[in-house]
$ cat my_file25.csv   # CSV, C-alpha atoms
chain,number,residue,atom,x,y,z
X,1,MET,CA,0.0,0.0,0.0
X,2,ILE,CA,2.8,2.4,0.8
X,3,ILE,CA,4.4,1.7,-2.5
X,4,ILE,CA,1.2,2.3,-4.4
X,5,MET,CA,0.6,5.6,-2.6
X,6,LEU,CA,4.1,6.8,-3.3
X,7,LEU,CA,3.8,6.0,-7.0
X,8,ILE,CA,0.4,7.6,-7.4
X,9,SER,CA,1.4,10.7,-5.5
X,10,ILE,CA,4.6,11.4,-7.4
X,11,SER,CA,4.6,14.4,-9.7
X,12,LEU,CA,7.7,16.1,-10.8
X,13,HIS,CA,7.6,19.9,-10.2
X,14,ALA,CA,7.3,21.7,-13.5
X,15,LEU,CA,8.7,25.2,-14.0
X,16,SER,CA,8.7,27.5,-17.0
X,17,LEU,CA,12.1,27.8,-18.6
X,18,GLN,CA,11.2,31.4,-19.5
X,19,GLU,CA,10.6,32.1,-15.8
X,20,VAL,CA,14.0,30.7,-14.8
X,21,TYR,CA,15.7,32.8,-17.5
X,22,ASP,CA,13.9,36.0,-16.4
X,23,ASN,CA,15.0,35.5,-12.8
X,24,ALA,CA,18.6,34.4,-13.6
X,25,ASP,CA,21.6,36.5,-12.5
X,26,SER,CA,24.8,37.2,-14.3
X,27,PHE,CA,28.0,35.3,-13.5
X,28,GLY,CA,31.5,35.6,-15.0
X,29,GLU,CA,31.3,36.3,-18.7
X,30,TYR,CA,27.6,35.5,-18.9
X,31,ASP,CA,24.7,37.9,-18.7
X,32,LYS,CA,22.3,35.1,-17.8
X,33,TYR,CA,23.6,32.0,-15.9
X,34,LEU,CA,21.0,29.3,-15.4
X,35,ILE,CA,21.6,26.2,-13.2
X,36,LEU,CA,18.7,23.8,-13.4
X,37,SER,CA,17.7,21.0,-11.1
X,38,ASN,CA,17.6,17.4,-12.3
X,39,ASP,CA,14.4,16.7,-10.3
X,40,THR,CA,12.4,19.3,-12.1
X,41,ILE,CA,10.8,19.3,-15.6
X,42,TYR,CA,11.1,22.7,-17.3
X,43,THR,CA,8.5,23.6,-19.8
X,44,GLY,CA,8.3,25.8,-22.9
X,45,GLY,CA,10.8,27.3,-25.2
X,46,LEU,CA,13.0,30.4,-24.9
X,47,GLY,CA,14.0,33.2,-27.3
X,48,LEU,CA,17.5,34.8,-26.9
X,49,TYR,CA,18.2,38.0,-28.8
X,50,GLU,CA,21.2,39.5,-27.0
X,51,GLY,CA,24.0,38.9,-24.6
X,52,LYS,CA,25.7,35.6,-23.5
X,53,THR,CA,23.7,32.9,-21.8
X,54,PHE,CA,24.8,29.7,-20.1
X,55,ILE,CA,22.3,26.9,-19.3
X,56,ASP,CA,23.4,23.9,-17.2
X,57,CYS,CA,20.5,21.4,-17.0
X,58,ASN,CA,22.3,18.9,-14.7
X,59,GLY,CA,20.5,16.2,-16.7
X,60,SER,CA,17.0,17.7,-16.3
X,61,ILE,CA,14.3,17.6,-19.0
X,62,ILE,CA,13.1,20.6,-21.0
X,63,ASN,CA,9.6,19.7,-22.2
X,64,LEU,CA,8.8,22.0,-25.2
X,65,GLN,CA,5.1,21.0,-25.0
X,66,ASP,CA,4.7,20.6,-28.8
X,67,GLY,CA,5.8,24.2,-29.3
X,68,ASN,CA,9.0,25.9,-30.5
X,69,GLY,CA,12.3,25.2,-28.8
X,70,ILE,CA,15.2,27.4,-27.7
X,71,TRP,CA,16.2,29.9,-30.4
X,72,VAL,CA,19.2,32.2,-30.6
X,73,TYR,CA,19.4,35.2,-32.9
X,74,GLY,CA,21.9,38.0,-33.1
X,75,ASP,CA,22.6,40.8,-35.6
X,76,GLU,CA,25.8,42.4,-36.9
X,77,ASN,CA,25.8,44.8,-34.0
X,78,ASN,CA,24.9,42.4,-31.3
X,79,THR,CA,26.2,38.8,-31.5
X,80,THR,CA,24.1,36.5,-29.3
X,81,ASN,CA,25.7,33.4,-27.5
X,82,LEU,CA,24.2,30.3,-25.9
X,83,ASP,CA,26.3,27.7,-24.2
X,84,ILE,CA,24.2,24.7,-23.0
X,85,GLN,CA,25.1,21.5,-21.4
X,86,GLU,CA,23.6,18.3,-19.9
X,87,CYS,CA,20.1,19.1,-21.2
X,88,ILE,CA,17.4,16.7,-22.4
X,89,ILE,CA,15.4,18.7,-24.9
X,90,THR,CA,12.3,17.0,-26.2
X,91,ASN,CA,8.6,17.1,-27.3
X,92,SER,CA,8.6,19.8,-30.0
X,93,LEU,CA,6.7,19.9,-33.3
X,94,TYR,CA,9.3,22.3,-34.6
X,95,PHE,CA,12.9,22.2,-33.3
X,96,GLY,CA,14.9,21.7,-30.2
X,97,LEU,CA,17.7,24.3,-30.7
X,98,SER,CA,18.0,27.0,-33.4
X,99,TYR,CA,20.8,29.4,-34.0
X,100,SER,CA,20.5,32.2,-36.7
X,101,GLY,CA,21.9,35.6,-37.6
X,102,GLU,CA,25.1,36.4,-35.9
X,103,SER,CA,25.0,33.8,-33.1
X,104,ASN,CA,27.3,31.3,-31.6
X,105,GLY,CA,27.5,28.7,-28.9
X,106,ASN,CA,28.6,25.4,-27.5
X,107,ILE,CA,26.3,22.3,-27.1
X,108,ILE,CA,27.8,19.8,-24.7
X,109,ASN,CA,26.4,16.5,-23.5
X,110,CYS,CA,22.8,17.3,-24.6
X,111,ASN,CA,20.0,15.0,-25.8
X,112,LEU,CA,17.8,16.4,-28.6
X,113,VAL,CA,15.1,13.8,-28.8
X,114,ASN,CA,11.6,13.6,-30.3
X,115,THR,CA,11.5,17.0,-32.0
X,116,ASN,CA,11.0,17.8,-35.6
X,117,PHE,CA,14.5,19.2,-36.2
X,118,GLY,CA,16.9,18.6,-33.3
X,119,LEU,CA,19.3,21.5,-34.3
X,120,LYS,CA,18.7,24.1,-37.0
X,121,LEU,CA,21.5,26.4,-38.2
X,122,PHE,CA,21.0,29.6,-40.3
X,123,ASP,CA,22.9,32.6,-41.6
X,124,ASN,CA,26.3,33.0,-39.9
X,125,ALA,CA,25.8,30.8,-36.9
X,126,ASN,CA,29.0,29.3,-35.5
X,127,ILE,CA,28.3,26.2,-33.3
X,128,SER,CA,30.3,23.5,-31.6
X,129,VAL,CA,28.6,20.2,-30.6
X,130,ASN,CA,30.3,17.6,-28.4
X,131,ASN,CA,29.1,14.5,-26.6
X,132,SER,CA,25.5,14.9,-27.7
X,133,ILE,CA,22.7,12.6,-28.9
X,134,PHE,CA,20.3,13.3,-31.7
X,135,SER,CA,17.6,10.6,-31.7
X,136,SER,CA,14.0,10.0,-32.9
X,137,ASN,CA,13.6,13.4,-34.5
X,138,ASN,CA,10.8,13.5,-37.1
X,139,SER,CA,12.7,15.4,-39.8
X,140,MET,CA,16.4,15.8,-39.1
X,141,GLY,CA,18.9,15.5,-36.4
X,142,ILE,CA,20.7,18.6,-37.7
X,143,ALA,CA,19.5,20.9,-40.5
X,144,ILE,CA,21.8,23.5,-42.0
X,145,TYR,CA,20.2,26.3,-44.1
X,146,THR,CA,22.5,28.1,-46.6
X,147,GLU,CA,26.3,27.6,-46.8
X,148,ASN,CA,27.4,30.0,-44.1
X,149,PRO,CA,26.9,28.3,-40.8
X,150,ILE,CA,29.9,26.8,-39.2
X,151,LEU,CA,29.4,23.5,-37.4
X,152,ASN,CA,32.1,21.7,-35.5
X,153,ILE,CA,30.7,18.4,-34.2
X,154,SER,CA,32.5,15.5,-32.5
X,155,TYR,CA,31.8,12.5,-30.3
X,156,SER,CA,28.1,12.5,-30.9
X,157,LEU,CA,25.4,9.9,-31.7
X,158,PHE,CA,22.6,9.9,-34.3
X,159,TRP,CA,19.8,7.3,-34.3
X,160,ASN,CA,16.3,6.9,-35.6
X,161,ASN,CA,16.0,10.3,-37.2
X,162,GLU,CA,14.1,10.7,-40.4
X,163,ASP,CA,17.4,12.0,-41.7
X,164,ASN,CA,20.5,12.4,-39.6
X,165,HIS,CA,22.0,15.6,-41.0
X,166,LEU,CA,21.1,17.5,-44.2
X,167,GLU,CA,22.0,20.8,-45.8
X,168,ASN,CA,19.9,23.1,-47.9
X,169,CYS,CA,22.1,25.2,-50.3
X,170,PRO,CA,21.0,28.6,-51.7
X,171,GLY,CA,19.0,28.4,-54.9
X,172,TRP,CA,18.2,24.7,-54.5
X,173,GLY,CA,14.6,25.2,-53.5
X,174,ASN,CA,13.4,22.5,-51.2
X,175,ILE,CA,16.2,20.1,-52.1
X,176,TRP,CA,18.3,18.9,-49.2
X,177,THR,CA,21.6,17.1,-49.5
X,178,GLN,CA,23.3,14.9,-47.0
X,179,PHE,CA,26.5,16.3,-45.5
X,180,GLU,CA,28.9,13.7,-44.1
X,181,LEU,CA,30.4,13.7,-40.6
X,182,ASP,CA,33.6,11.9,-40.2
X,183,PRO,CA,32.9,8.7,-38.2
X,184,GLY,CA,36.5,8.6,-37.2
X,185,PHE,CA,36.0,11.7,-35.1
X,186,GLY,CA,33.7,10.0,-32.6
X,187,ILE,CA,30.5,10.0,-34.6
X,188,ILE,CA,28.2,7.0,-33.9
X,189,TYR,CA,25.2,5.8,-35.8
X,190,SER,CA,23.6,3.4,-33.3
X,191,ASP,CA,20.8,3.0,-30.8
X,192,PRO,CA,21.7,4.8,-27.6
X,193,LEU,CA,19.7,2.2,-25.6
X,194,PHE,CA,17.8,4.6,-23.4
X,195,ILE,CA,16.1,2.8,-20.5
X,196,ASP,CA,12.5,3.8,-21.6
X,197,ILE,CA,12.2,6.7,-24.1
X,198,ASN,CA,8.4,6.3,-24.2
X,199,HIS,CA,8.3,7.2,-20.5
X,200,TRP,CA,11.1,9.8,-20.7
X,201,ASP,CA,13.7,7.7,-18.9
X,202,PHE,CA,16.8,8.8,-20.8
X,203,ASN,CA,19.2,6.9,-18.6
X,204,ILE,CA,21.3,4.6,-20.7
X,205,ASN,CA,21.6,0.8,-20.3
X,206,TYR,CA,24.8,-0.9,-19.3
X,207,ASP,CA,25.5,-2.0,-22.9
X,208,SER,CA,24.8,1.5,-24.5
X,209,PRO,CA,27.3,2.5,-27.1
X,210,CYS,CA,27.4,6.0,-25.4
X,211,ILE,CA,29.4,4.7,-22.4
X,212,ASN,CA,33.0,5.9,-22.5
X,213,SER,CA,32.6,6.9,-26.1
X,214,GLY,CA,32.7,10.7,-25.6
X,215,ASP,CA,35.5,13.2,-25.8
X,216,PRO,CA,38.7,11.4,-24.5
X,217,LEU,CA,39.9,14.7,-23.1
X,218,MET,CA,36.8,14.9,-20.8
X,219,TYR,CA,36.1,12.6,-17.8
X,220,ASP,CA,33.1,11.6,-15.9
X,221,LEU,CA,33.0,11.7,-12.1
X,222,ASP,CA,33.9,8.1,-11.8
X,223,GLY,CA,37.2,8.8,-13.6
X,224,SER,CA,36.3,7.1,-16.9
X,225,ILE,CA,36.3,8.7,-20.3
X,226,SER,CA,33.2,10.8,-20.8
X,227,ASP,CA,29.9,9.3,-21.9
X,228,ILE,CA,27.8,10.7,-24.8
X,229,GLY,CA,24.6,12.3,-23.7
X,230,ALA,CA,23.0,14.2,-20.9
X,231,LEU,CA,23.0,11.4,-18.3
X,232,LYS,CA,26.1,9.6,-17.3
X,233,PHE,CA,26.2,5.9,-16.7
X,234,ASN,CA,27.7,4.7,-13.4
X,235,LEU,CA,27.8,1.0,-12.6
X,236,ASN,CA,30.0,0.9,-9.6
X,237,CYS,CA,26.9,0.6,-7.3
X,238,SER,CA,28.7,2.5,-4.6
X,239,ASN,CA,25.7,4.6,-3.6
X,240,PHE,CA,23.1,2.0,-2.6
X,241,GLY,CA,19.7,2.7,-4.3
X,242,ASP,CA,20.8,5.7,-6.4
X,243,LEU,CA,19.5,4.1,-9.6
X,244,ASN,CA,19.3,7.3,-11.6
X,245,ASN,CA,22.8,8.5,-10.6
X,246,ASP,CA,21.6,11.9,-9.3
X,247,ASN,CA,23.4,11.5,-5.9
X,248,ASP,CA,20.1,11.4,-4.1
X,249,ILE,CA,17.9,8.4,-3.1
X,250,ASN,CA,14.2,9.1,-3.4
X,251,ILE,CA,10.9,8.3,-5.1
X,252,LEU,CA,12.6,8.8,-8.5
X,253,ASP,CA,14.8,5.8,-7.8
X,254,ILE,CA,11.7,3.8,-6.9
X,255,ILE,CA,10.2,4.7,-10.3
X,256,ASN,CA,13.4,3.7,-12.0
X,257,LEU,CA,13.3,0.3,-10.2
X,258,VAL,CA,9.6,-0.3,-11.1
X,259,ASN,CA,10.4,0.5,-14.8
X,260,CYS,CA,13.3,-1.9,-14.6
X,261,ILE,CA,11.1,-4.7,-13.4
X,262,LEU,CA,8.1,-4.0,-15.7
X,263,TYR,CA,10.2,-3.6,-18.9
X,264,GLU,CA,13.1,-5.9,-18.0
X,265,GLU,CA,15.6,-3.2,-18.5
X,266,CYS,CA,17.8,-3.7,-15.4
X,267,ASN,CA,21.4,-3.6,-14.5
X,268,VAL,CA,23.2,-5.2,-11.5
X,269,CYS,CA,22.8,-2.1,-9.3
X,270,SER,CA,19.0,-2.8,-9.3
X,271,ASP,CA,19.4,-6.0,-7.4
X,272,LEU,CA,19.1,-4.4,-4.0
X,273,ASN,CA,18.8,-7.5,-1.9
X,274,TYR,CA,21.6,-9.3,-3.9
X,275,ASP,CA,19.5,-12.4,-4.7
X,276,GLY,CA,20.1,-12.3,-8.5
X,277,ILE,CA,16.4,-11.5,-9.2
X,278,TYR,CA,14.8,-8.1,-9.9
X,279,ASN,CA,11.3,-8.1,-8.3
X,280,LEU,CA,9.0,-6.6,-5.6
X,281,LEU,CA,11.5,-7.5,-2.9
X,282,ASP,CA,14.0,-5.0,-4.3
X,283,ILE,CA,11.3,-2.3,-4.3
X,284,ILE,CA,10.4,-3.1,-0.7
X,285,ASN,CA,14.1,-3.0,0.2
X,286,LEU,CA,14.5,0.5,-1.4
X,287,VAL,CA,11.3,1.9,0.1
X,288,ASN,CA,12.4,0.8,3.6
X,289,PHE,CA,15.8,2.3,3.1
X,290,ILE,CA,14.2,5.7,2.1
X,291,LEU,CA,11.7,5.7,4.9
X,292,ASN,CA,14.4,4.9,7.5
$ encode --input "my_file25.csv" --output "structure tokens"
Amino acid sequence: MIIIMLLISISLHALSLQEVYDNADSFGEYDKYLILSNDTIYTGGLGLYEGKTFIDCNGSIINLQDGNGIWVYGDENNTTNLDIQECIITNSLYFGLSYSGESNGNIINCNLVNTNFGLKLFDNANISVNNSIFSSNNSMGIAIYTENPILNISYSLFWNNEDNHLENCPGWGNIWTQFELDPGFGIIYSDPLFIDINHWDFNINYDSPCINSGDPLMYDLDGSISDIGALKFNLNCSNFGDLNNDNDINILDIINLVNCILYEECNVCSDLNYDGIYNLLDIINLVNFILN
């Protein structure tokens, strides 16, 4: 009964991304410095037209609610910058991220999933992408309009997009051509093996190709080579019950464990009573641990 009540009552706090931006302060070189919480779902898109902005999602989800995504536009007198990391950007009928005019930025360890266009580049945008996932986008993972945008991308994964990355050159009308990314520079075309994309569990399974496949000059907290994507994988099981690797043991870990049992997508850290079986006893073990 306790388990059922906990699962029924759970609801992640939702907060408007625009509201967080409006209330953000400056820090260092950035005019707006946003630090998001991984136990919150942020809703809606955001338009940036000036200054430098930094968004650190800490693995949280930005739910675009079937609307526009985050768009960045600058003009010749006012270059606009967005650096964004560890964000899961999803659920848009249009795009996840868009840079146009005189804009630039860095996209690091982000998931752009289930949008129309994951990333759109226009005009003189100058963008660097590293350690990111483009998956299940209805049109394209990355779309480049005109020949001017500069895209530097490495150690990233494309999967299950209608098209992975296409370019529309001037005068070609609605004709798109595939531009190639060098697979030798860390580009992967393979299923990222999310735990449960249909229920927005973007943690990766123990056999995901994203694990230790990121930039070799970057390291995860466990000392291994960086993973690709917004959520890191940690299988050392050193923090009992922390199944979503957020350094906190709470109802979210119970949900993770329930999904593991229902959909048979488990790893060894989910066997909380060490009996070699993933079942209700593990849930009871975790609930008792949290309550006590």
$ residues_around --input "my_file25.csv" --residues "segment 204-208 of chain X" --least-positions-apart "6" --cutoff "12 Å" --atoms "only C-alpha atoms" --output "ChimeraX atom specification"
/X:111,133,157,188,190-197,227-236,243-245,256,260,264-270
$ atom_distance --input "my_file25.csv" --atom1 "atom CA of Ile127 of chain X" --atom2 "atom CA of Leu15 of chain X"
27.5 Å
$ residues_around --input "my_file25.csv" --residues "Gly241 of chain X" --least-positions-apart "3" --cutoff "7 Å" --atoms "only C-alpha atoms" --output "PyMOL selection string"
chain X and resi 249+253+286
$ residues_around --input "my_file25.csv" --residues "Asp123 of chain X" --least-positions-apart "6" --cutoff "6 Å" --atoms "all atoms listed in the file" --output "list of chain:residue names"
X:Ser100, X:Gly101, X:Asn148, X:Pro149
$ residues_around --input "my_file25.csv" --residues "Ser92 of chain X" --least-positions-apart "4" --cutoff "12 Å" --atoms "only C-alpha atoms" --output "PyMOL selection string"
chain X and resi 43-45+62-70+96-97+112-119+136-139
$ atom_distance --input "my_file25.csv" --atom1 "atom CA of Tyr30 of chain X" --atom2 "atom CA of Trp71 of chain X"
17.1 Å
$ atom_distance --input "my_file25.csv" --atom1 "atom CA of Asn23 of chain X" --atom2 "atom CA of Asn91 of chain X"
24.3 Å
$ closest_residue --input "my_file25.csv" --among "X:Tyr73, X:Tyr33, X:Tyr42, X:Phe27" --to "Asp56 of chain X" --atoms "all atoms listed in the file"
X:Tyr33
$ closest_residue --input "my_file25.csv" --among "X:Ile88, X:Cys57, X:Leu262, X:Cys169" --to "Phe134 of chain X" --atoms "all atoms listed in the file"
X:Ile88
$ closest_residue --input "my_file25.csv" --among "X:Asn131, X:Ser154, X:Asn259, X:Thr53" --to "Ile225 of chain X" --atoms "all atoms listed in the file"
X:Asn131
$ residues_around --input "my_file25.csv" --residues "Ser226 of chain X" --least-positions-apart "5" --cutoff "10 Å" --atoms "all atoms listed in the file" --output "list in words"
Asn109, Asn131, Tyr155, Cys210, Ile211, Asn212, Ser213, Gly214, Asp215, Pro216, Leu217, Met218, Tyr219, Asp220, Leu221, Lys232 and Phe233 of chain X
$ write_last_selection --input "my_file25.csv" --atoms "C-alpha atoms" --output "compact mmCIF listing (two decimals), in the frame of the given file"
# COMPACT_ATOMS: atom_id res chain seq x y z
CA ASN X 109 26.40 16.50 -23.50
CA ASN X 131 29.10 14.50 -26.60
CA TYR X 155 31.80 12.50 -30.30
CA CYS X 210 27.40 6.00 -25.40
CA ILE X 211 29.40 4.70 -22.40
CA ASN X 212 33.00 5.90 -22.50
CA SER X 213 32.60 6.90 -26.10
CA GLY X 214 32.70 10.70 -25.60
CA ASP X 215 35.50 13.20 -25.80
CA PRO X 216 38.70 11.40 -24.50
CA LEU X 217 39.90 14.70 -23.10
CA MET X 218 36.80 14.90 -20.80
CA TYR X 219 36.10 12.60 -17.80
CA ASP X 220 33.10 11.60 -15.90
CA LEU X 221 33.00 11.70 -12.10
CA LYS X 232 26.10 9.60 -17.30
CA PHE X 233 26.20 5.90 -16.70
$ closest_residue --input "my_file25.csv" --among "X:Asp246, X:Asp163, X:Glu86, X:Glu50" --to "Asn104 of chain X" --atoms "all atoms listed in the file"
X:Glu50
$ residues_near_point --input "my_file25.csv" --point "(30.0, 35.8, -18.0)" --cutoff "12 Å" --atoms "all atoms listed in the file" --output "mmCIF file with C-alpha atoms, in the coordinates of the input"
data_model
loop_
_atom_site.group_PDB
_atom_site.id
_atom_site.type_symbol
_atom_site.label_atom_id
_atom_site.label_comp_id
_atom_site.auth_asym_id
_atom_site.auth_seq_id
_atom_site.Cartn_x
_atom_site.Cartn_y
_atom_site.Cartn_z
ATOM 1 C CA ASP X 25 21.600 36.500 -12.500
ATOM 2 C CA SER X 26 24.800 37.200 -14.300
ATOM 3 C CA PHE X 27 28.000 35.300 -13.500
ATOM 4 C CA GLY X 28 31.500 35.600 -15.000
ATOM 5 C CA GLU X 29 31.300 36.300 -18.700
ATOM 6 C CA TYR X 30 27.600 35.500 -18.900
ATOM 7 C CA ASP X 31 24.700 37.900 -18.700
ATOM 8 C CA LYS X 32 22.300 35.100 -17.800
ATOM 9 C CA TYR X 33 23.600 32.000 -15.900
ATOM 10 C CA LEU X 34 21.000 29.300 -15.400
ATOM 11 C CA GLY X 51 24.000 38.900 -24.600
ATOM 12 C CA LYS X 52 25.700 35.600 -23.500
ATOM 13 C CA THR X 53 23.700 32.900 -21.800
ATOM 14 C CA PHE X 54 24.800 29.700 -20.100
ATOM 15 C CA ILE X 55 22.300 26.900 -19.300
ATOM 16 C CA ASN X 81 25.700 33.400 -27.500
ATOM 17 C CA LEU X 82 24.200 30.300 -25.900
ATOM 18 C CA ASP X 83 26.300 27.700 -24.200
#
$ build_atoms --input "my_file25.csv" --residues "segment 172-196 of chain X" --atoms "N, CA and C atoms" --output "PDB file, in the coordinates of the input"
ATOM      1  N   TRP X 172      18.550  26.063 -54.275  1.00  0.00           N
ATOM      2  CA  TRP X 172      18.200  24.700 -54.500  1.00  0.00           C
ATOM      3  C   TRP X 172      16.695  24.422 -54.206  1.00  0.00           C
ATOM      4  N   GLY X 173      15.979  25.452 -53.795  1.00  0.00           N
ATOM      5  CA  GLY X 173      14.600  25.200 -53.500  1.00  0.00           C
ATOM      6  C   GLY X 173      14.472  24.361 -52.224  1.00  0.00           C
ATOM      7  N   ASN X 174      13.572  23.413 -52.300  1.00  0.00           N
ATOM      8  CA  ASN X 174      13.400  22.500 -51.200  1.00  0.00           C
ATOM      9  C   ASN X 174      14.131  21.221 -51.311  1.00  0.00           C
ATOM     10  N   ILE X 175      15.334  21.324 -51.853  1.00  0.00           N
ATOM     11  CA  ILE X 175      16.200  20.100 -52.100  1.00  0.00           C
ATOM     12  C   ILE X 175      17.259  20.115 -50.999  1.00  0.00           C
ATOM     13  N   TRP X 176      17.328  19.012 -50.305  1.00  0.00           N
ATOM     14  CA  TRP X 176      18.300  18.900 -49.200  1.00  0.00           C
ATOM     15  C   TRP X 176      19.344  17.814 -49.647  1.00  0.00           C
ATOM     16  N   THR X 177      20.567  18.058 -49.241  1.00  0.00           N
ATOM     17  CA  THR X 177      21.600  17.100 -49.500  1.00  0.00           C
ATOM     18  C   THR X 177      22.289  16.676 -48.200  1.00  0.00           C
ATOM     19  N   GLN X 178      22.690  15.420 -48.175  1.00  0.00           N
ATOM     20  CA  GLN X 178      23.300  14.900 -47.000  1.00  0.00           C
ATOM     21  C   GLN X 178      24.755  15.422 -46.891  1.00  0.00           C
ATOM     22  N   PHE X 179      25.128  15.928 -45.733  1.00  0.00           N
ATOM     23  CA  PHE X 179      26.500  16.300 -45.500  1.00  0.00           C
ATOM     24  C   PHE X 179      27.115  15.243 -44.557  1.00  0.00           C
ATOM     25  N   GLU X 180      28.313  14.838 -44.820  1.00  0.00           N
ATOM     26  CA  GLU X 180      28.900  13.700 -44.100  1.00  0.00           C
ATOM     27  C   GLU X 180      29.666  14.234 -42.850  1.00  0.00           C
ATOM     28  N   LEU X 181      29.562  13.474 -41.781  1.00  0.00           N
ATOM     29  CA  LEU X 181      30.400  13.700 -40.600  1.00  0.00           C
ATOM     30  C   LEU X 181      31.364  12.555 -40.495  1.00  0.00           C
ATOM     31  N   ASP X 182      32.569  12.882 -40.175  1.00  0.00           N
ATOM     32  CA  ASP X 182      33.600  11.900 -40.200  1.00  0.00           C
ATOM     33  C   ASP X 182      33.426  10.901 -39.012  1.00  0.00           C
ATOM     34  N   PRO X 183      33.081   9.642 -39.311  1.00  0.00           N
ATOM     35  CA  PRO X 183      32.900   8.700 -38.200  1.00  0.00           C
ATOM     36  C   PRO X 183      34.122   8.453 -37.375  1.00  0.00           C
ATOM     37  N   GLY X 184      35.302   8.742 -37.953  1.00  0.00           N
ATOM     38  CA  GLY X 184      36.500   8.600 -37.200  1.00  0.00           C
ATOM     39  C   GLY X 184      36.721   9.634 -36.119  1.00  0.00           C
ATOM     40  N   PHE X 185      35.864  10.651 -36.129  1.00  0.00           N
ATOM     41  CA  PHE X 185      36.000  11.700 -35.100  1.00  0.00           C
ATOM     42  C   PHE X 185      34.917  11.549 -34.060  1.00  0.00           C
ATOM     43  N   GLY X 186      34.615  10.305 -33.751  1.00  0.00           N
ATOM     44  CA  GLY X 186      33.700  10.000 -32.600  1.00  0.00           C
ATOM     45  C   GLY X 186      32.260  10.072 -32.955  1.00  0.00           C
ATOM     46  N   ILE X 187      31.870  10.024 -34.235  1.00  0.00           N
ATOM     47  CA  ILE X 187      30.500  10.000 -34.600  1.00  0.00           C
ATOM     48  C   ILE X 187      29.943   8.600 -34.648  1.00  0.00           C
ATOM     49  N   ILE X 188      28.805   8.359 -33.962  1.00  0.00           N
ATOM     50  CA  ILE X 188      28.200   7.000 -33.900  1.00  0.00           C
ATOM     51  C   ILE X 188      26.839   7.013 -34.455  1.00  0.00           C
ATOM     52  N   TYR X 189      26.513   5.996 -35.229  1.00  0.00           N
ATOM     53  CA  TYR X 189      25.200   5.800 -35.800  1.00  0.00           C
ATOM     54  C   TYR X 189      24.635   4.486 -35.174  1.00  0.00           C
ATOM     55  N   SER X 190      24.061   4.574 -33.990  1.00  0.00           N
ATOM     56  CA  SER X 190      23.600   3.400 -33.300  1.00  0.00           C
ATOM     57  C   SER X 190      22.618   3.735 -32.225  1.00  0.00           C
ATOM     58  N   ASP X 191      21.807   2.762 -31.840  1.00  0.00           N
ATOM     59  CA  ASP X 191      20.800   3.000 -30.800  1.00  0.00           C
ATOM     60  C   ASP X 191      21.472   3.321 -29.487  1.00  0.00           C
ATOM     61  N   PRO X 192      21.116   4.471 -28.876  1.00  0.00           N
ATOM     62  CA  PRO X 192      21.700   4.800 -27.600  1.00  0.00           C
ATOM     63  C   PRO X 192      21.322   3.942 -26.446  1.00  0.00           C
ATOM     64  N   LEU X 193      20.252   3.156 -26.642  1.00  0.00           N
ATOM     65  CA  LEU X 193      19.700   2.200 -25.600  1.00  0.00           C
ATOM     66  C   LEU X 193      19.312   2.980 -24.351  1.00  0.00           C
ATOM     67  N   PHE X 194      18.408   3.953 -24.543  1.00  0.00           N
ATOM     68  CA  PHE X 194      17.800   4.600 -23.400  1.00  0.00           C
ATOM     69  C   PHE X 194      16.973   3.523 -22.627  1.00  0.00           C
ATOM     70  N   ILE X 195      16.835   3.716 -21.320  1.00  0.00           N
ATOM     71  CA  ILE X 195      16.100   2.800 -20.500  1.00  0.00           C
ATOM     72  C   ILE X 195      14.624   2.695 -21.000  1.00  0.00           C
ATOM     73  N   ASP X 196      13.960   3.838 -21.166  1.00  0.00           N
ATOM     74  CA  ASP X 196      12.500   3.800 -21.600  1.00  0.00           C
ATOM     75  C   ASP X 196      12.194   5.195 -22.159  1.00  0.00           C
TER      76      ASP X 196
END
